[in-house]
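Below: coords03.cif (mmCIF, C-alpha atoms (C1' of nucleotides))
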```cif
data_run
#
loop_
_atom_site.label_atom_id
_atom_site.label_comp_id
_atom_site.auth_asym_id
_atom_site.auth_seq_id
_atom_site.Cartn_x
_atom_site.Cartn_y
_atom_site.Cartn_z
CA MET H 899 -23.86 -12.03 -20.86
CA THR H 900 -24.18 -15.57 -19.61
CA THR H 901 -24.43 -18.54 -21.92
CA ALA H 902 -24.12 -22.23 -21.12
CA GLU H 903 -20.35 -22.33 -21.38
CA SER H 904 -18.93 -18.87 -21.05
CA LEU H 905 -19.19 -15.80 -18.88
CA SER H 906 -18.53 -12.13 -19.48
CA ILE H 907 -16.09 -10.21 -17.33
CA GLY H 908 -19.03 -8.62 -15.54
CA ASP H 909 -20.47 -12.03 -14.67
CA VAL H 910 -17.14 -13.17 -13.32
CA ALA H 911 -16.81 -9.99 -11.28
CA GLU H 912 -20.17 -10.74 -9.70
CA ARG H 913 -19.28 -14.35 -8.99
CA THR H 914 -15.84 -13.69 -7.54
CA GLY H 915 -16.28 -10.37 -5.83
CA LEU H 916 -13.37 -8.94 -7.79
CA SER H 917 -13.93 -5.77 -9.81
CA VAL H 918 -13.72 -5.89 -13.61
CA HIS H 919 -10.66 -3.70 -13.27
CA ALA H 920 -9.07 -6.18 -10.89
CA LEU H 921 -9.87 -9.04 -13.26
CA ARG H 922 -8.11 -7.34 -16.15
CA PHE H 923 -5.26 -6.45 -13.84
CA TYR H 924 -4.90 -10.05 -12.64
CA GLU H 925 -4.81 -11.21 -16.23
CA ARG H 926 -2.10 -8.70 -17.19
CA GLU H 927 -0.10 -9.79 -14.18
CA GLY H 928 -0.21 -13.43 -15.28
CA LEU H 929 -2.27 -14.61 -12.34
CA LEU H 930 -4.58 -16.74 -14.43
CA VAL H 931 -3.69 -20.28 -15.37
CA GLY H 932 -4.96 -20.33 -18.92
CA PRO H 933 -5.32 -17.62 -21.53
CA VAL H 934 -8.76 -16.07 -21.50
CA HIS H 935 -10.67 -16.63 -24.73
CA ARG H 936 -12.17 -13.76 -26.68
CA THR H 937 -15.28 -13.28 -28.78
CA ALA H 938 -14.99 -12.16 -32.39
CA GLY H 939 -15.42 -8.63 -31.09
CA GLY H 940 -12.58 -8.94 -28.61
CA ARG H 941 -14.53 -9.39 -25.39
CA ARG H 942 -13.26 -11.81 -22.76
CA ARG H 943 -15.12 -15.08 -22.28
CA TYR H 944 -14.44 -16.93 -19.06
CA THR H 945 -15.04 -20.61 -18.36
CA ALA H 946 -16.24 -22.23 -15.17
CA SER H 947 -12.73 -23.33 -14.32
CA ASP H 948 -11.47 -19.77 -14.72
CA VAL H 949 -14.01 -18.88 -12.07
CA ASP H 950 -12.95 -21.79 -9.86
CA TRP H 951 -9.36 -20.67 -10.05
CA LEU H 952 -10.27 -17.07 -9.34
CA GLN H 953 -12.27 -18.13 -6.31
CA ILE H 954 -9.21 -19.90 -4.98
CA CYS H 955 -7.21 -16.77 -5.69
CA VAL H 956 -9.68 -14.73 -3.71
CA LYS H 957 -9.41 -17.06 -0.73
CA LEU H 958 -5.63 -17.03 -0.86
CA ARG H 959 -5.60 -13.24 -1.12
CA GLU H 960 -8.03 -12.90 1.77
CA SER H 961 -5.69 -14.97 3.85
CA GLY H 962 -2.84 -12.65 2.97
CA MET H 963 -0.98 -14.36 0.16
CA PRO H 964 0.84 -11.69 -1.86
CA LEU H 965 0.15 -11.42 -5.58
CA ALA H 966 3.74 -12.44 -6.29
CA ASP H 967 3.17 -15.84 -4.66
CA LEU H 968 -0.13 -16.24 -6.40
CA LYS H 969 1.70 -15.62 -9.64
CA ARG H 970 4.38 -18.20 -8.83
CA PHE H 971 1.62 -20.65 -8.09
CA ALA H 972 -0.23 -19.92 -11.31
CA ASP H 973 3.03 -20.29 -13.21
CA LEU H 974 3.59 -23.73 -11.70
CA VAL H 975 0.10 -24.90 -12.56
CA ARG H 976 0.40 -23.51 -16.06
CA ARG H 977 3.62 -25.41 -16.66
CA GLY H 978 1.71 -28.58 -15.97
CA PRO H 979 2.66 -31.81 -14.20
CA GLY H 980 6.13 -32.33 -12.78
CA ASN H 981 6.31 -29.62 -10.16
CA GLU H 982 3.71 -30.84 -7.71
CA ALA H 983 6.15 -30.91 -4.82
CA GLU H 984 6.91 -27.25 -5.36
CA ARG H 985 3.23 -26.39 -5.51
CA LEU H 986 2.67 -28.28 -2.29
CA ARG H 987 5.51 -26.45 -0.59
CA LEU H 988 4.09 -23.11 -1.66
CA LEU H 989 0.67 -23.94 -0.28
CA ASP H 990 1.95 -25.48 2.89
CA ASP H 991 4.18 -22.49 3.61
CA HIS H 992 1.17 -20.31 3.21
CA ARG H 993 -0.86 -22.50 5.52
CA GLN H 994 1.78 -22.06 8.20
CA ARG H 995 1.71 -18.32 7.78
CA VAL H 996 -2.06 -18.35 8.06
CA GLU H 997 -1.86 -20.35 11.26
CA ALA H 998 0.67 -17.96 12.73
CA GLN H 999 -1.54 -15.07 11.75
CA ILE H 1000 -4.54 -16.67 13.45
CA GLU H 1001 -2.54 -17.11 16.64
CA ALA H 1002 -1.39 -13.49 16.54
CA LEU H 1003 -4.95 -12.33 16.02
CA GLU H 1004 -6.18 -14.43 18.90
CA ASP H 1005 -3.57 -12.82 21.11
CA CYS H 1006 -4.73 -9.39 20.04
CA ARG H 1007 -8.32 -10.41 20.54
CA SER H 1008 -7.79 -11.40 24.13
CA LEU H 1009 -5.85 -8.23 24.87
CA ILE H 1010 -8.62 -6.14 23.37
CA ALA H 1011 -11.41 -8.14 24.93
CA TRP H 1012 -9.82 -7.76 28.34
CA LYS H 1013 -9.36 -4.03 27.85
CA VAL H 1014 -12.94 -3.67 26.63
CA GLY H 1015 -14.17 -5.62 29.62
CA VAL H 1016 -12.30 -3.52 32.15
CA TYR H 1017 -13.43 -0.38 30.40
CA ALA H 1018 -17.08 -1.39 30.26
CA GLU H 1019 -17.04 -2.31 33.92
CA HIS H 1020 -15.59 1.00 34.99
CA LEU H 1021 -18.04 2.86 32.79
CA ALA H 1022 -20.93 0.96 34.32
CA ARG H 1023 -19.68 1.99 37.75
CA GLY H 1024 -19.21 5.55 36.58
CA SER H 1025 -15.60 5.42 37.68
CA ALA H 1026 -13.58 5.59 34.54
CA SER H 1027 -10.83 7.87 35.76
CA GLY H 1028 -7.32 6.61 35.43
CA LEU H 1029 -7.99 4.40 32.45
CA TRP H 1030 -5.54 5.11 29.72
CA ASP H 1031 -4.48 8.18 31.49
CA PRO H 1032 -0.73 8.16 31.22
CA THR H 1033 -0.42 10.75 33.96
CA SER H 1034 -1.86 8.35 36.51
CA PRO H 1035 0.38 5.50 37.64
CA GLY H 1036 -0.65 2.02 36.61
CA TRP H 1037 -2.82 3.31 33.79
CA LEU H 1038 -2.32 0.10 31.84
CA MET R 453 21.00 5.60 25.96
CA THR R 454 19.00 4.14 28.80
CA THR R 455 18.69 5.84 32.15
CA ALA R 456 16.33 5.06 35.01
CA GLU R 457 13.51 7.14 33.69
CA SER R 458 13.96 7.78 30.01
CA LEU R 459 14.78 5.95 26.80
CA SER R 460 16.30 7.02 23.52
CA ILE R 461 14.48 6.47 20.25
CA GLY R 462 16.79 3.55 19.53
CA ASP R 463 15.90 1.89 22.82
CA VAL R 464 12.23 2.30 22.11
CA ALA R 465 12.68 0.89 18.63
CA GLU R 466 14.26 -2.19 20.15
CA ARG R 467 11.52 -2.59 22.75
CA THR R 468 8.60 -2.09 20.41
CA GLY R 469 9.85 -3.61 17.18
CA LEU R 470 9.11 -0.38 15.34
CA SER R 471 11.92 1.29 13.39
CA VAL R 472 13.24 4.67 14.49
CA HIS R 473 11.81 6.00 11.23
CA ALA R 474 8.41 4.59 12.10
CA LEU R 475 8.59 6.08 15.59
CA ARG R 476 9.25 9.56 14.23
CA PHE R 477 6.55 9.00 11.64
CA TYR R 478 4.01 7.93 14.30
CA GLU R 479 4.83 11.03 16.30
CA ARG R 480 4.39 13.34 13.31
CA GLU R 481 1.06 11.68 12.59
CA GLY R 482 -0.16 12.37 16.10
CA LEU R 483 -0.37 8.73 17.13
CA LEU R 484 1.22 9.29 20.50
CA VAL R 485 -0.80 10.34 23.51
CA GLY R 486 1.60 12.77 25.08
CA PRO R 487 4.26 15.02 23.59
CA VAL R 488 7.66 13.37 23.62
CA HIS R 489 10.16 15.19 25.82
CA ARG R 490 13.50 16.31 24.45
CA THR R 491 16.99 16.64 25.87
CA ALA R 492 18.72 20.00 25.82
CA GLY R 493 20.26 18.88 22.54
CA GLY R 494 16.91 18.08 20.96
CA ARG R 495 16.95 14.29 21.24
CA ARG R 496 13.72 12.49 22.08
CA ARG R 497 13.35 10.97 25.53
CA TYR R 498 10.63 8.38 25.94
CA THR R 499 9.00 7.29 29.18
CA ALA R 500 7.84 3.83 30.16
CA SER R 501 4.24 4.77 29.47
CA ASP R 502 5.18 5.95 25.99
CA VAL R 503 6.50 2.44 25.46
CA ASP R 504 3.36 0.90 26.95
CA TRP R 505 1.20 2.90 24.59
CA LEU R 506 3.38 2.04 21.61
CA GLN R 507 3.16 -1.63 22.47
CA ILE R 508 -0.61 -1.37 22.43
CA CYS R 509 -0.34 0.42 19.09
CA VAL R 510 1.75 -2.42 17.73
CA LYS R 511 -0.83 -4.98 18.81
CA LEU R 512 -3.66 -3.00 17.31
CA ARG R 513 -1.74 -2.53 14.07
CA GLU R 514 -0.88 -6.23 13.92
CA SER R 515 -4.54 -6.97 14.20
CA GLY R 516 -5.27 -4.67 11.29
CA MET R 517 -6.37 -1.42 12.85
CA PRO R 518 -5.64 1.37 10.38
CA LEU R 519 -3.45 4.27 11.46
CA ALA R 520 -6.43 6.61 11.11
CA ASP R 521 -8.32 4.71 13.84
CA LEU R 522 -5.25 4.58 16.00
CA LYS R 523 -5.03 8.33 15.67
CA ARG R 524 -8.69 8.80 16.59
CA PHE R 525 -8.06 6.66 19.64
CA ALA R 526 -4.95 8.58 20.64
CA ASP R 527 -6.87 11.82 20.20
CA LEU R 528 -9.61 10.59 22.54
CA VAL R 529 -7.14 9.55 25.20
CA ARG R 530 -5.25 12.81 24.85
CA ARG R 531 -8.43 14.82 25.39
CA GLY R 532 -8.78 13.09 28.75
CA PRO R 533 -11.83 11.85 30.66
CA GLY R 534 -15.33 12.33 29.32
CA ASN R 535 -15.22 10.29 26.14
CA GLU R 536 -14.83 6.81 27.56
CA ALA R 537 -17.92 5.52 25.82
CA GLU R 538 -16.48 6.56 22.48
CA ARG R 539 -13.17 4.90 23.24
CA LEU R 540 -14.99 1.75 24.20
CA ARG R 541 -16.98 1.79 20.98
CA LEU R 542 -13.82 2.19 18.93
CA LEU R 543 -12.14 -0.74 20.63
CA ASP R 544 -15.18 -2.95 20.58
CA ASP R 545 -15.74 -2.30 16.87
CA HIS R 546 -12.19 -3.34 16.29
CA ARG R 547 -12.65 -6.46 18.37
CA GLN R 548 -15.55 -7.45 16.16
CA ARG R 549 -13.49 -6.92 13.04
CA VAL R 550 -10.72 -9.04 14.51
CA GLU R 551 -13.15 -11.81 15.26
CA ALA R 552 -14.53 -11.71 11.74
CA GLN R 553 -11.00 -11.80 10.40
CA ILE R 554 -10.17 -14.84 12.51
CA GLU R 555 -13.21 -16.63 11.17
CA ALA R 556 -12.29 -15.80 7.60
CA LEU R 557 -8.75 -17.02 8.16
CA GLU R 558 -10.00 -20.25 9.68
CA ASP R 559 -12.10 -20.81 6.60
CA CYS R 560 -9.10 -20.26 4.40
CA ARG R 561 -7.02 -22.49 6.58
CA SER R 562 -9.35 -25.41 6.22
CA LEU R 563 -9.58 -24.96 2.47
CA ILE R 564 -5.82 -24.88 2.21
CA ALA R 565 -5.27 -27.70 4.64
CA TRP R 566 -7.67 -29.88 2.70
CA LYS R 567 -5.98 -29.03 -0.59
CA VAL R 568 -2.56 -29.69 0.91
CA GLY R 569 -3.79 -33.00 2.25
CA VAL R 570 -5.21 -34.16 -1.05
CA TYR R 571 -2.08 -33.03 -2.80
CA ALA R 572 0.29 -34.76 -0.41
CA GLU R 573 -1.66 -37.97 -0.65
CA HIS R 574 -1.58 -38.01 -4.43
CA LEU R 575 2.11 -37.18 -4.44
CA ALA R 576 2.78 -40.02 -2.03
CA ARG R 577 0.95 -42.34 -4.40
CA GLY R 578 2.79 -40.89 -7.36
CA SER R 579 -0.51 -40.09 -9.02
CA ALA R 580 -0.69 -36.35 -9.09
CA SER R 581 -2.13 -35.94 -12.57
CA GLY R 582 -5.36 -34.03 -12.83
CA LEU R 583 -4.73 -31.89 -9.79
CA TRP R 584 -5.16 -28.28 -10.63
CA ASP R 585 -5.15 -29.14 -14.26
CA PRO R 586 -7.93 -27.04 -15.70
CA THR R 587 -8.00 -29.15 -18.86
CA SER R 588 -9.12 -32.19 -16.89
CA PRO R 589 -12.69 -32.23 -15.66
CA GLY R 590 -13.20 -32.03 -11.91
CA TRP R 591 -9.76 -30.56 -11.38
CA LEU R 592 -10.91 -28.78 -8.23
"C1'" DC D 645 40.31 16.94 21.20
"C1'" DT D 646 38.74 14.11 17.97
"C1'" DA D 647 36.21 10.60 15.96
"C1'" DC D 648 32.26 8.22 15.15
"C1'" DG D 649 27.80 6.43 15.97
"C1'" DA D 650 23.18 7.87 17.10
"C1'" DG D 651 19.83 11.34 16.39
"C1'" DC D 652 17.70 15.50 14.11
"C1'" DT D 653 14.47 17.64 10.17
"C1'" DA D 654 12.16 18.01 5.87
"C1'" DG D 655 10.83 15.88 2.34
"C1'" DA D 656 11.24 12.46 -1.43
"C1'" DG D 657 10.52 7.66 -2.64
"C1'" DC D 658 8.67 3.09 -2.60
"C1'" DA D 659 5.92 -1.40 -2.54
"C1'" DC D 660 1.58 -3.16 -2.89
"C1'" DG D 661 -2.79 -3.72 -4.91
"C1'" DC D 662 -5.73 -2.09 -7.04
"C1'" DT D 663 -8.80 1.94 -9.20
"C1'" DC D 664 -9.85 5.21 -12.46
"C1'" DT D 665 -9.65 7.84 -16.97
"C1'" DA D 666 -10.01 8.66 -21.83
"C1'" DG D 667 -11.51 7.61 -25.89
"C1'" DA D 668 -13.01 4.04 -28.79
"C1'" DT D 669 -15.84 -0.34 -29.88
"C1'" DC D 670 -19.28 -3.75 -29.37
"C1'" DA D 671 -23.89 -5.68 -28.91
"C1'" DA D 672 -28.66 -5.81 -27.75
"C1'" DG D 673 -33.23 -3.68 -27.36
"C1'" DT D 674 -36.88 -0.65 -29.68
"C1'" DA O 809 -30.87 3.26 -37.37
"C1'" DC O 810 -30.28 4.80 -32.76
"C1'" DT O 811 -29.47 4.55 -28.05
"C1'" DT O 812 -27.58 2.60 -24.12
"C1'" DG O 813 -24.69 -0.03 -21.40
"C1'" DA O 814 -20.93 -3.19 -21.20
"C1'" DT O 815 -16.28 -3.80 -22.65
"C1'" DC O 816 -11.83 -2.69 -24.72
"C1'" DT O 817 -6.62 -0.76 -24.24
"C1'" DA O 818 -2.94 1.81 -22.36
"C1'" DG O 819 -1.51 4.11 -18.94
"C1'" DA O 820 -1.93 7.38 -15.06
"C1'" DG O 821 -3.27 7.86 -10.21
"C1'" DC O 822 -4.06 6.69 -5.48
"C1'" DG O 823 -4.28 5.15 -0.41
"C1'" DT O 824 -1.66 3.00 3.07
"C1'" DG O 825 2.26 2.68 5.71
"C1'" DC O 826 6.22 3.12 6.09
"C1'" DT O 827 11.47 3.73 4.43
"C1'" DC O 828 15.24 6.25 2.88
"C1'" DT O 829 18.20 10.39 1.79
"C1'" DA O 830 20.79 14.53 2.58
"C1'" DG O 831 23.01 17.34 5.33
"C1'" DC O 832 23.60 18.63 9.83
"C1'" DT O 833 24.16 18.15 15.21
"C1'" DC O 834 24.95 15.75 19.46
"C1'" DG O 835 27.53 13.38 22.78
"C1'" DT O 836 30.36 9.73 24.57
"C1'" DA O 837 34.61 6.82 24.41
"C1'" DG O 838 39.41 6.95 23.83
#
```

File written out as structure tokens:
Amino acid sequence: MTTAESLSIGDVAERTGLSVHALRFYEREGLLVGPVHRTAGGRRRYTASDVDWLQICVKLRESGMPLADLKRFADLVRRGPGNEAERLRLLDDHRQRVEAQIEALEDCRSLIAWKVGVYAEHLARGSASGLWDPTSPGWL
Amino acid sequence: MTTAESLSIGDVAERTGLSVHALRFYEREGLLVGPVHRTAGGRRRYTASDVDWLQICVKLRESGMPLADLKRFADLVRRGPGNEAERLRLLDDHRQRVEAQIEALEDCRSLIAWKVGVYAEHLARGSASGLWDPTSPGWL
DNA sequence: CTACGAGCTAGAGCACGCTCTAGATCAAGT
DNA sequence: ACTTGATCTAGAGCGTGCTCTAGCTCGTAG
């Protein structure tokens, strides 16, 4: 349940798009910066900055950062000031990987788009024979 | 060994970037269009169009197409003419997913780039405190 | 003729990232 | 008080996509 200052695991799941299972898993794996507080009854209570951090995690995961790197990053932040250069390196390395990935995807996109275009044209003409038919020469 | 018309599994591994293990695995999974020929001694002999197809597979995999879709595609091609519309649909669906993925990555990239920029600037100034420090307000 | 690297099969194993289960507890509505 | 739904823990299980092993065979160079 939502109150002014703290959110249940279900609320956080809704806000981040992660499942409650994933949230508990992330916590076990040490991917959160701070310890999650608990109610008297033992239920997790998340703060707004927990959610902020998790939303960053989601973005980094979506862009392909492995959990291990996310953990290294969380560790650095948790240890506090003094390792900013290392944090920056981690992020910047990831940025480079993301850029490479975008380029690779754009390559694939143009290959596919071209193939789709050729295909559609032949279909429109009703003359699709020979396309992707490895027994005909020049099928590519 | 390479001869005019046929390649060993090792050659194909080199040309496609797939491991020999992966090549045998792909074959078992029915991801190839034609059956791979064998020498008298039972060794695989690949043709140039096998390599062409595998290179397409690699591109599609790099862009995130699951093996199951690749298999559906290979099945369609193997069955020969008459299902071009279905092939086109498969490819075009994938193209759309790739485009969505590029957009998502570009989003992530700008988030990261911004964060990296802020970080680098603060580091240059020697005033990095408060960055990603969930105990300070406005740490995002 | 022999050695040695490349290839063969069947099947086990692995890394990643969750996802699900069981069985119990908590908390809120009626 | 009772019911109902959310949450808890510990740990097993799973989907994807390879990767590796064991034990054997092939085939080319010397």

Show me, as JSON, numbers by chain, the residues that have an atom within 8 Å of Leu958 of chain H when counting all atoms listed in the file, minus same-chain residues fewer than 4 positions from it. {"H": [954, 962, 963, 968], "R": [560]}

Find the distance between atom C1' of DT665 of chain D and atom CA of Glu927 of chain H and write it in Å to one decimal.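 If I compute the distance from atom C1' of DT665 of chain D to atom CA of Glu927 of chain H, I get 20.2 Å.
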
I'd like a table as a Markdown table: residues in chain H with an atom no more than 7 Å from chain R, each row giving the shortest atom pair and its distance in Å to one decimal, all atoms listed in the file counted, sorted by chain and rising residue number.
```
| residue | atom | partner | partner_atom | distance |
| --- | --- | --- | --- | --- |
| H:Ser947 | CA | R:Pro586 | CA | 6.2 |
| H:Lys957 | CA | R:Cys560 | CA | 6.1 |
| H:Ser961 | CA | R:Leu557 | CA | 5.7 |
| H:Val975 | CA | R:Trp584 | CA | 6.5 |
| H:Pro979 | CA | R:Ser581 | CA | 6.5 |
| H:Leu986 | CA | R:Val568 | CA | 6.3 |
| H:Leu989 | CA | R:Val568 | CA | 6.7 |
| H:Asp990 | CA | R:Val568 | CA | 6.5 |
| H:Arg993 | CA | R:Arg561 | CA | 6.3 |
| H:Val996 | CA | R:Arg561 | CA | 6.6 |
| H:Ile1000 | CA | R:Ile554 | CA | 6.0 |
| H:Leu1003 | CA | R:Ser515 | CA | 5.7 |
| H:Cys1006 | CA | R:Lys511 | CA | 6.0 |
| H:Arg1007 | CA | R:Arg547 | CA | 6.2 |
| H:Ile1010 | CA | R:Arg547 | CA | 6.4 |
| H:Ala1011 | CA | R:Arg547 | CA | 6.9 |
| H:Val1014 | CA | R:Leu540 | CA | 6.3 |
| H:Tyr1017 | CA | R:Leu540 | CA | 6.7 |
| H:Ser1027 | CA | R:Pro533 | CA | 6.5 |
| H:Trp1030 | CA | R:Val529 | CA | 6.5 |
| H:Asp1031 | CA | R:Val529 | CA | 7.0 |
| H:Pro1032 | CA | R:Ser501 | CA | 6.3 |
```

Writer output for current selection, C-alpha atoms, as a short mmCIF file (atom, residue, chain, number, x, y, z; two decimals), in the coordinates of the input:
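File result_24.cif, as written:
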```
data_model
loop_
_atom_site.label_atom_id
_atom_site.label_comp_id
_atom_site.auth_asym_id
_atom_site.auth_seq_id
_atom_site.Cartn_x
_atom_site.Cartn_y
_atom_site.Cartn_z
CA SER H 947 -12.73 -23.33 -14.32
CA LYS H 957 -9.41 -17.06 -0.73
CA SER H 961 -5.69 -14.97 3.85
CA VAL H 975 0.10 -24.90 -12.56
CA PRO H 979 2.66 -31.81 -14.20
CA LEU H 986 2.67 -28.28 -2.29
CA LEU H 989 0.67 -23.94 -0.28
CA ASP H 990 1.95 -25.48 2.89
CA ARG H 993 -0.86 -22.50 5.52
CA VAL H 996 -2.06 -18.35 8.06
CA ILE H 1000 -4.54 -16.67 13.45
CA LEU H 1003 -4.95 -12.33 16.02
CA CYS H 1006 -4.73 -9.39 20.04
CA ARG H 1007 -8.32 -10.41 20.54
CA ILE H 1010 -8.62 -6.14 23.37
CA ALA H 1011 -11.41 -8.14 24.93
CA VAL H 1014 -12.94 -3.67 26.63
CA TYR H 1017 -13.43 -0.38 30.40
CA SER H 1027 -10.83 7.87 35.76
CA TRP H 1030 -5.54 5.11 29.72
CA ASP H 1031 -4.48 8.18 31.49
CA PRO H 1032 -0.73 8.16 31.22
#
```

Please determine the residues with any atom at most 9 Å from (-18.6, -3.5, -25.3) (coordinates as given in the file, with all atoms listed in the file counting) and report them as a ChimeraX atom specification. /H:939-941 /D:669-671 /O:813-816

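Minimum atom-to-atom distances from O:DG825, O:DG831, O:DG819, O:DG838 to chain R were compared using all atoms listed in the file, and the lowest value belongs to O:DG825.
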
May I ask you to extract the residues of chain D within 12 Å of chain R, using only C-alpha atoms (C1' of nucleotides), and to give them as a list in words?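 In the required form, that comes to DG649, DA650, DG651, DC652, DT653 and DA654 of chain D.
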
Show me, as a ChimeraX atom specification, every residue of chain O with an atom at most 8 Å from chain R, counting only C-alpha atoms (C1' of nucleotides). /O:826-827,834

Applying the PyMOL selection byres ((chain D and resi 658) around 10) to the file I just gave you, which residues come out? Please list them as a tab-separated table (two decimals) with C-alpha atoms (C1' of nucleotides), in the frame of the given file.
```
chain	number	residue	atom	x	y	z
D	656	DA	C1'	11.24	12.46	-1.43
D	657	DG	C1'	10.52	7.66	-2.64
D	659	DA	C1'	5.92	-1.40	-2.54
D	660	DC	C1'	1.58	-3.16	-2.89
O	826	DC	C1'	6.22	3.12	6.09
O	827	DT	C1'	11.47	3.73	4.43
O	828	DC	C1'	15.24	6.25	2.88
```

Just the number, please: distance in Å from atom CA of Arg913 of chain H to atom CA of Ala966 of chain H, one decimal.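 It comes out at 23.3 Å.
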
Could you jot down the atom CA of Gly469 of chain R to atom CA of Phe525 of chain R separation for me, Å, one decimal place?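 Between these atoms lies a distance of 20.8 Å.
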
Picked residues, the PyMOL selection byres ((chain O and resi 811) around 10), expected as a PyMOL selection string: (chain D and resi 673-674) or (chain O and resi 809-810+812-813)

Any chance you could model N, CA and C atoms for segment 547-567 of chain R and send them as a tab-separated table (two decimals), in the frame of the given file?
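Writing the result to part_0.tsv gives the following:
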```tsv
chain	number	residue	atom	x	y	z
R	547	ARG	N	-12.60	-5.06	17.91
R	547	ARG	CA	-12.65	-6.46	18.37
R	547	ARG	C	-13.53	-7.28	17.44
R	548	GLN	N	-14.66	-6.71	17.05
R	548	GLN	CA	-15.55	-7.45	16.16
R	548	GLN	C	-14.89	-7.73	14.81
R	549	ARG	N	-14.18	-6.72	14.31
R	549	ARG	CA	-13.49	-6.92	13.04
R	549	ARG	C	-12.43	-8.02	13.16
R	550	VAL	N	-11.75	-8.02	14.29
R	550	VAL	CA	-10.72	-9.04	14.51
R	550	VAL	C	-11.36	-10.42	14.53
R	551	GLU	N	-12.49	-10.51	15.18
R	551	GLU	CA	-13.15	-11.81	15.26
R	551	GLU	C	-13.60	-12.29	13.88
R	552	ALA	N	-14.12	-11.36	13.10
R	552	ALA	CA	-14.53	-11.71	11.74
R	552	ALA	C	-13.32	-12.18	10.92
R	553	GLN	N	-12.22	-11.48	11.14
R	553	GLN	CA	-11.00	-11.80	10.40
R	553	GLN	C	-10.49	-13.19	10.78
R	554	ILE	N	-10.58	-13.52	12.06
R	554	ILE	CA	-10.17	-14.84	12.51
R	554	ILE	C	-11.03	-15.91	11.85
R	555	GLU	N	-12.31	-15.66	11.81
R	555	GLU	CA	-13.21	-16.63	11.17
R	555	GLU	C	-12.86	-16.84	9.72
R	556	ALA	N	-12.63	-15.72	9.02
R	556	ALA	CA	-12.29	-15.80	7.60
R	556	ALA	C	-11.00	-16.60	7.41
R	557	LEU	N	-10.03	-16.32	8.27
R	557	LEU	CA	-8.75	-17.02	8.16
R	557	LEU	C	-8.92	-18.50	8.44
R	558	GLU	N	-9.80	-18.84	9.37
R	558	GLU	CA	-10.00	-20.25	9.68
R	558	GLU	C	-10.63	-20.98	8.50
R	559	ASP	N	-11.53	-20.27	7.84
R	559	ASP	CA	-12.10	-20.81	6.60
R	559	ASP	C	-11.01	-21.11	5.59
R	560	CYS	N	-10.18	-20.10	5.35
R	560	CYS	CA	-9.10	-20.26	4.40
R	560	CYS	C	-8.20	-21.40	4.80
R	561	ARG	N	-7.90	-21.44	6.09
R	561	ARG	CA	-7.02	-22.49	6.58
R	561	ARG	C	-7.57	-23.86	6.26
R	562	SER	N	-8.85	-24.06	6.46
R	562	SER	CA	-9.35	-25.41	6.22
R	562	SER	C	-9.36	-25.73	4.73
R	563	LEU	N	-9.67	-24.72	3.91
R	563	LEU	CA	-9.58	-24.96	2.47
R	563	LEU	C	-8.17	-25.38	2.08
R	564	ILE	N	-7.21	-24.62	2.56
R	564	ILE	CA	-5.82	-24.88	2.21
R	564	ILE	C	-5.35	-26.22	2.76
R	565	ALA	N	-5.70	-26.46	4.01
R	565	ALA	CA	-5.27	-27.70	4.64
R	565	ALA	C	-5.82	-28.89	3.87
R	566	TRP	N	-7.05	-28.79	3.45
R	566	TRP	CA	-7.67	-29.88	2.70
R	566	TRP	C	-6.92	-30.10	1.38
R	567	LYS	N	-6.68	-28.98	0.69
R	567	LYS	CA	-5.98	-29.03	-0.59
R	567	LYS	C	-4.59	-29.63	-0.41
```
